[in-house]
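See structure below.
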Amino acid sequence: MKELEKRFYSKASMYSFFVVVILFISMYIGTRQFTKVDLMLFGYMVGSFIFFIGMTVRITAWVLRPATHEFMKRSIQNMKSKNRQGRNVKAIIKTLIDNIILQKYIFKRGIYRGIQHWLIAWGCIGSLAITFSLTFGWLHFRLIDATTYQMVVMGVPAITMHPDGLLASLFFEGLNITATMLLIGVIMAIVRRITNHDVQVTQRPEFDLVPLYILLAMTGTGLLLTVSYKLLGGWMHPQFQILHQVTTVLFLVYFPFGKLFHLPIRPMAIGVPMNYQEEPGVDTRNCLGCGELYSNDDQIADVQAILGVQAYDLQTSDGHHSSDYCTACRRKIRVMNHLNMKSPFGEIKGPVQTNNGIHIPGFGRKRSEEYYEEFAKEDK
């Protein structure tokens with residue numbers, strides 16, 4: 001893999017290349033050697049490719065962060081463990097139902113917030129699934145006769161249905177259903193952010209409101225298409241179609257780089273109960289100072305590994321780490337260290353230096369000039 005990676009600019013570019021190749025192959029299969037490509041969806045296709053490339057770059061950068069990398073490595077290690085299969089299955093099912101399907105963690109903050117978040121989340125998931133399926137040719141419908149439609153999945157003929165039947169209506173109106181869910185959820189979210197004074201203090205318009213406005217524009221123009229051809233006899237349908245395509249492409253391009261990025265990485269929450277949930281008598285950690293149970297073995301090991309990668313030396317004089325002690329004992333160590341008193345728990349060697357050499361590190365210390373001297377040498 002390292003030899004292959006050298007042929008690319010970075011890991012993100014290598015994975016992006018693989019993703020694009022996979023998309024082309026799947027599109028080649030789904031459209032029967034590109035013979036069933038719908039050129040009316042060309043704009044959506046370009047936006048979808050940008051979406052997948054952006055998502056690959058962001059996820060790669062996210063996974064390579066020391067904390068996330070350790071978390072993913074621990075999750076893979078525990079998934080392979082035969083002794084933890086029951087726990088892993090329980091964690092996956094519980095997270096899938098509670099956090100993904102029902103999203104109970106949001107409903108705990110209020111019914112209104114829970115409803116709006118659930119509508120937006122599942123509206124986005126449904127809309128993206130249908131859009132990608134149609135854009136890349138993974139799914140399309142063909143008319144066999146006057147009373148029969150057939151669904152074709154990846155170029156393989158599948159189920160048949162009557163055009164006026166319930167199943168056909170659910171398929172054909174799928175985007176309208178998900179768009180309606182999105183519209184209701186987005187309006188609820190905008191109203192809350194405009195009227196709730198507590199939210200106004202902490203929100204950032206460019207981060208919290210812009211994605212809602214983009215979603216509102218995309219869903220509004222999409223539903224206008226339905227209103228145009230069903231109620232207005234096709235009035236301004238071509239104009240609405242172009243406008244909807246522009247807003248959808250804008251949404252797809254924005255998605256990987258804004259607040260909505262949390263949607264595809266939310267399933268990673270499976271690793272929390274799988275890795276770090278305490279199981280008495282199996283994987284709990286006792287504090288070295290007071291002997292109380294305070295954390296999980298895997299969590300403490302990962303914390304120490306992450307701090308080691310980031311060159312944070314938090315070892316005590318007896319060779320242990322500060323994370324081997326509970327919060328109360330760590331406070332005692334710090335206080336006794338600052339008071340020049342001998343601690344029975346061990347003493348931390350010294351403060352962690354996190355200064356970058358640019359700013360003044362503290363009172364009584366001179367500003368470091370090494371940073372600027374390096375640039376001066378380069379200028380000469």
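So you can find residues: chains in the structure tokens are A, B, ... in the order shown, residues in each start at 1, and ligands are numbered from 1 in order.
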
**OP:** Would you list the contacts of Arg204 (chain A) as a PyMOL selection string, taking every protein, DNA or RNA residue within 12 Å and counting only C-alpha atoms, but skipping same-chain residues closer than 5 positions in sequence?
**Re:** chain A and resi 193-194+199+209-211+259

Subject >> Near-region 182-189 of chain A list (7 Å; only C-alpha atoms; drop same-chain fewer than 3 positions) as a VMD selection string >> reply: chain A and resid 116 to 117 119 to 120 123 to 124 178 to 179 192 to 193 212 216 219

Which residues come within 9 Å of region 302-307 of chain A, counting only C-alpha atoms, excluding same-chain residues fewer than 2 positions away, as a compact mmCIF listing (two decimals) with N, CA and C atoms, in the first residue's frame?
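Result file part.txt:
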# COMPACT_ATOMS: atom_id res chain seq x y z
N PRO A 66 -4.95 12.02 15.10
CA PRO A 66 -4.49 11.04 16.10
C PRO A 66 -5.61 10.43 16.92
N ALA A 67 -6.53 11.25 17.43
CA ALA A 67 -7.61 10.72 18.28
C ALA A 67 -8.54 9.81 17.49
N HIS A 69 -7.89 8.30 14.62
CA HIS A 69 -7.15 7.13 14.14
C HIS A 69 -7.07 6.06 15.22
N GLU A 70 -6.81 6.48 16.46
CA GLU A 70 -6.74 5.52 17.56
C GLU A 70 -8.11 4.89 17.82
N PHE A 71 -9.15 5.73 17.70
CA PHE A 71 -10.51 5.25 17.89
C PHE A 71 -10.88 4.20 16.84
N ARG A 74 -8.89 0.96 17.40
CA ARG A 74 -9.46 0.20 18.51
C ARG A 74 -10.75 -0.50 18.08
N ASP A 297 -10.52 0.26 30.50
CA ASP A 297 -9.14 -0.07 30.14
C ASP A 297 -8.78 0.44 28.74
N ASP A 298 -9.64 0.16 27.77
CA ASP A 298 -9.36 0.56 26.39
C ASP A 298 -9.29 2.08 26.27
N GLN A 299 -10.16 2.78 26.96
CA GLN A 299 -10.17 4.23 26.88
C GLN A 299 -8.88 4.83 27.43
N ILE A 300 -8.42 4.35 28.58
CA ILE A 300 -7.19 4.87 29.17
C ILE A 300 -6.00 4.56 28.26
N VAL A 309 1.49 10.20 20.79
CA VAL A 309 1.67 10.60 19.40
C VAL A 309 1.81 12.11 19.28
N GLN A 310 1.09 12.84 20.11
CA GLN A 310 1.12 14.30 20.06
C GLN A 310 2.20 14.90 20.95
N ALA A 311 3.09 14.05 21.49
CA ALA A 311 4.24 14.49 22.28
C ALA A 311 3.84 15.26 23.53
N TYR A 312 2.74 14.84 24.17
CA TYR A 312 2.34 15.40 25.46
C TYR A 312 2.88 14.48 26.55
N ASP A 313 3.89 14.94 27.28
CA ASP A 313 4.50 14.12 28.32
C ASP A 313 3.79 14.38 29.64
N LEU A 314 2.88 13.50 30.02
CA LEU A 314 2.13 13.65 31.26
C LEU A 314 2.45 12.51 32.22
N HIS A 321 1.29 7.38 34.25
CA HIS A 321 0.70 8.51 33.55
C HIS A 321 -0.36 9.16 34.43
N SER A 323 -3.19 9.91 33.50
CA SER A 323 -4.48 9.28 33.18
C SER A 323 -4.70 7.98 33.94

**OP:** Write out as a list of chain:residue names the residues lying within 9 Å of region 163-174 of chain A, counting only C-alpha atoms and excluding same-chain residues fewer than 2 positions away.
**Re:**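 Result of the neighbour search: A:Gly126, A:Ser127, A:Ile130, A:Ala146, A:Thr147, A:Thr148, A:Tyr149, A:Met161, A:Asn176, A:Ile177, A:Thr178, A:Ala179.
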
Output N, CA and C atoms for every residue in that selection, as a tab-separated table (two decimals), in the first residue's frame.
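Below is the file that was written, selection.tsv:
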chain	number	residue	atom	x	y	z
A	126	GLY	N	-32.83	9.96	2.48
A	126	GLY	CA	-33.70	9.48	1.41
A	126	GLY	C	-33.47	10.19	0.10
A	127	SER	N	-33.32	11.51	0.15
A	127	SER	CA	-33.10	12.28	-1.07
A	127	SER	C	-31.78	11.93	-1.73
A	130	ILE	N	-31.98	8.37	-3.39
A	130	ILE	CA	-32.72	8.37	-4.67
A	130	ILE	C	-31.95	9.12	-5.74
A	146	ALA	N	-48.67	-0.83	-21.59
A	146	ALA	CA	-49.46	0.31	-21.13
A	146	ALA	C	-49.81	0.23	-19.64
A	147	THR	N	-49.77	-0.94	-19.07
A	147	THR	CA	-50.19	-1.09	-17.66
A	147	THR	C	-49.09	-1.65	-16.76
A	148	THR	N	-47.85	-1.72	-17.27
A	148	THR	CA	-46.79	-2.36	-16.48
A	148	THR	C	-45.48	-1.59	-16.58
A	149	TYR	N	-44.93	-1.24	-15.42
A	149	TYR	CA	-43.58	-0.69	-15.31
A	149	TYR	C	-42.68	-1.75	-14.69
A	161	MET	N	-44.63	-3.53	-11.75
A	161	MET	CA	-45.68	-2.88	-10.97
A	161	MET	C	-46.64	-2.15	-11.89
A	176	ASN	N	-40.54	13.46	-3.67
A	176	ASN	CA	-41.52	14.41	-3.11
A	176	ASN	C	-41.73	14.15	-1.62
A	177	ILE	N	-41.75	12.86	-1.24
A	177	ILE	CA	-41.93	12.52	0.17
A	177	ILE	C	-40.75	13.00	1.00
A	178	THR	N	-39.52	12.68	0.54
A	178	THR	CA	-38.33	13.11	1.30
A	178	THR	C	-38.18	14.63	1.28
A	179	ALA	N	-38.55	15.27	0.16
A	179	ALA	CA	-38.47	16.73	0.09
A	179	ALA	C	-39.45	17.38	1.05

Subject >> Pick from A:Ala91, A:Gly43, A:Gly319, A:His262 nearest to Trp62 (chain A), counting only C-alpha atoms >> reply: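 Nearest candidate to Trp62 (chain A) out of A:Ala91, A:Gly43, A:Gly319, A:His262: A:His262.
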
Subject >> Neighbour list for Gly271 (chain A) as a PyMOL selection string, cut-off 12 Å, only C-alpha atoms, skip fewer than 5 positions in-chain >> reply: chain A and resi 68+70-79+87-96+265-266+276-277+298-299

So which residues of region 51-272 of chain A fall under strand (DSSP E or B) by DSSP, listed as a short mmCIF file (atom, residue, chain, number, x, y, z; two decimals) with N, CA and C atoms, in the first residue's frame?
data_model
loop_
_atom_site.label_atom_id
_atom_site.label_comp_id
_atom_site.auth_asym_id
_atom_site.auth_seq_id
_atom_site.Cartn_x
_atom_site.Cartn_y
_atom_site.Cartn_z
N LEU A 139 -30.45 2.64 -10.71
CA LEU A 139 -31.88 2.32 -10.68
C LEU A 139 -32.61 3.13 -11.73
N HIS A 140 -33.42 2.47 -12.54
CA HIS A 140 -34.30 3.18 -13.46
C HIS A 140 -35.53 2.32 -13.77
N PHE A 141 -36.50 2.93 -14.37
CA PHE A 141 -37.77 2.24 -14.66
C PHE A 141 -38.01 2.25 -16.17
N ARG A 142 -38.57 1.16 -16.65
CA ARG A 142 -38.90 1.10 -18.07
C ARG A 142 -40.34 0.62 -18.23
N LEU A 143 -40.98 1.11 -19.26
CA LEU A 143 -42.37 0.76 -19.54
C LEU A 143 -42.42 -0.48 -20.42
N ILE A 144 -42.98 -1.57 -19.87
CA ILE A 144 -43.10 -2.82 -20.64
C ILE A 144 -44.32 -2.78 -21.55
N ASP A 145 -45.46 -2.37 -20.97
CA ASP A 145 -46.67 -2.17 -21.77
C ASP A 145 -47.46 -1.04 -21.11
N THR A 148 -47.85 -1.72 -17.27
CA THR A 148 -46.79 -2.36 -16.48
C THR A 148 -45.48 -1.59 -16.58
N TYR A 149 -44.93 -1.24 -15.42
CA TYR A 149 -43.58 -0.69 -15.31
C TYR A 149 -42.68 -1.75 -14.69
N GLN A 150 -41.43 -1.73 -15.08
CA GLN A 150 -40.45 -2.64 -14.49
C GLN A 150 -39.27 -1.84 -13.93
N MET A 151 -38.87 -2.20 -12.71
CA MET A 151 -37.71 -1.56 -12.08
C MET A 151 -36.45 -2.34 -12.47
N VAL A 152 -35.42 -1.61 -12.90
CA VAL A 152 -34.16 -2.22 -13.30
C VAL A 152 -33.08 -1.76 -12.32
N VAL A 153 -32.44 -2.71 -11.64
CA VAL A 153 -31.42 -2.42 -10.63
C VAL A 153 -30.07 -2.91 -11.13
N VAL A 156 -30.11 -5.10 -14.09
CA VAL A 156 -30.81 -6.38 -13.98
C VAL A 156 -32.30 -6.11 -13.78
N PRO A 157 -33.18 -6.63 -14.63
CA PRO A 157 -34.62 -6.43 -14.45
C PRO A 157 -35.09 -7.00 -13.12
N ALA A 158 -35.90 -6.21 -12.41
CA ALA A 158 -36.38 -6.63 -11.09
C ALA A 158 -37.90 -6.69 -11.10
N ILE A 159 -38.53 -6.15 -10.09
CA ILE A 159 -39.97 -6.28 -9.92
C ILE A 159 -40.74 -5.46 -10.95
N THR A 160 -41.96 -5.90 -11.25
CA THR A 160 -42.88 -5.15 -12.11
C THR A 160 -44.01 -4.60 -11.25
N MET A 161 -44.63 -3.53 -11.75
CA MET A 161 -45.68 -2.88 -10.97
C MET A 161 -46.64 -2.15 -11.89
#

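Remark: for Leu243 (chain A), the closest of the candidate residues A:Ile50, A:Ala217, A:Val63, A:Met154 is A:Ala217 (distances computed over only C-alpha atoms).
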
Original post:
Met40 (chain A): which residues within 10 Å, counting only C-alpha atoms, same-chain residues fewer than 3 positions away excluded, as a ChimeraX atom specification?
Top reply: /A:37,43-45,135,241-242,245

Which residues are near Phe52 (chain A)? Cut-off 10 Å, only C-alpha atoms, ignore same chain within fewer than 6 positions. Put them as a PDB file with C-alpha atoms, in the first residue's frame.
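Heads up, here's the output in out28.pdb:
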ATOM      1  CA  SER A  16     -10.489   9.756  -4.097  1.00  0.00           C
ATOM      2  CA  VAL A  19     -13.813   6.155  -5.277  1.00  0.00           C
ATOM      3  CA  VAL A  20     -14.119   7.760  -8.724  1.00  0.00           C
ATOM      4  CA  LEU A  23     -18.352   5.072  -9.324  1.00  0.00           C
ATOM      5  CA  ARG A  58     -12.858  15.015   4.502  1.00  0.00           C
ATOM      6  CA  LEU A 252     -23.912  18.476  -3.089  1.00  0.00           C
ATOM      7  CA  VAL A 253     -20.764  20.596  -3.382  1.00  0.00           C
ATOM      8  CA  PHE A 255     -22.258  19.063   1.907  1.00  0.00           C
ATOM      9  CA  PRO A 256     -18.753  17.623   2.572  1.00  0.00           C
TER      10      PRO A 256
END

Original post:
Quick one: distance from CA of Phe261 (chain A) to CA of Asp198 (chain A) in Å, one decimal?
Top reply: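 Taking CA of Phe261 (chain A) and CA of Asp198 (chain A), their separation equals 24.1 Å.
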
**OP:** Measure the distance from CA of Tyr9 (chain A) to CA of Ile59 (chain A) in Å and round it to one decimal.
**Re:** 16.6 Å

**OP:** Just give me the gap between CA of Ile115 (chain A) and CA of Met274 (chain A) in Å, one decimal is fine.
**Re:** 27.4 Å
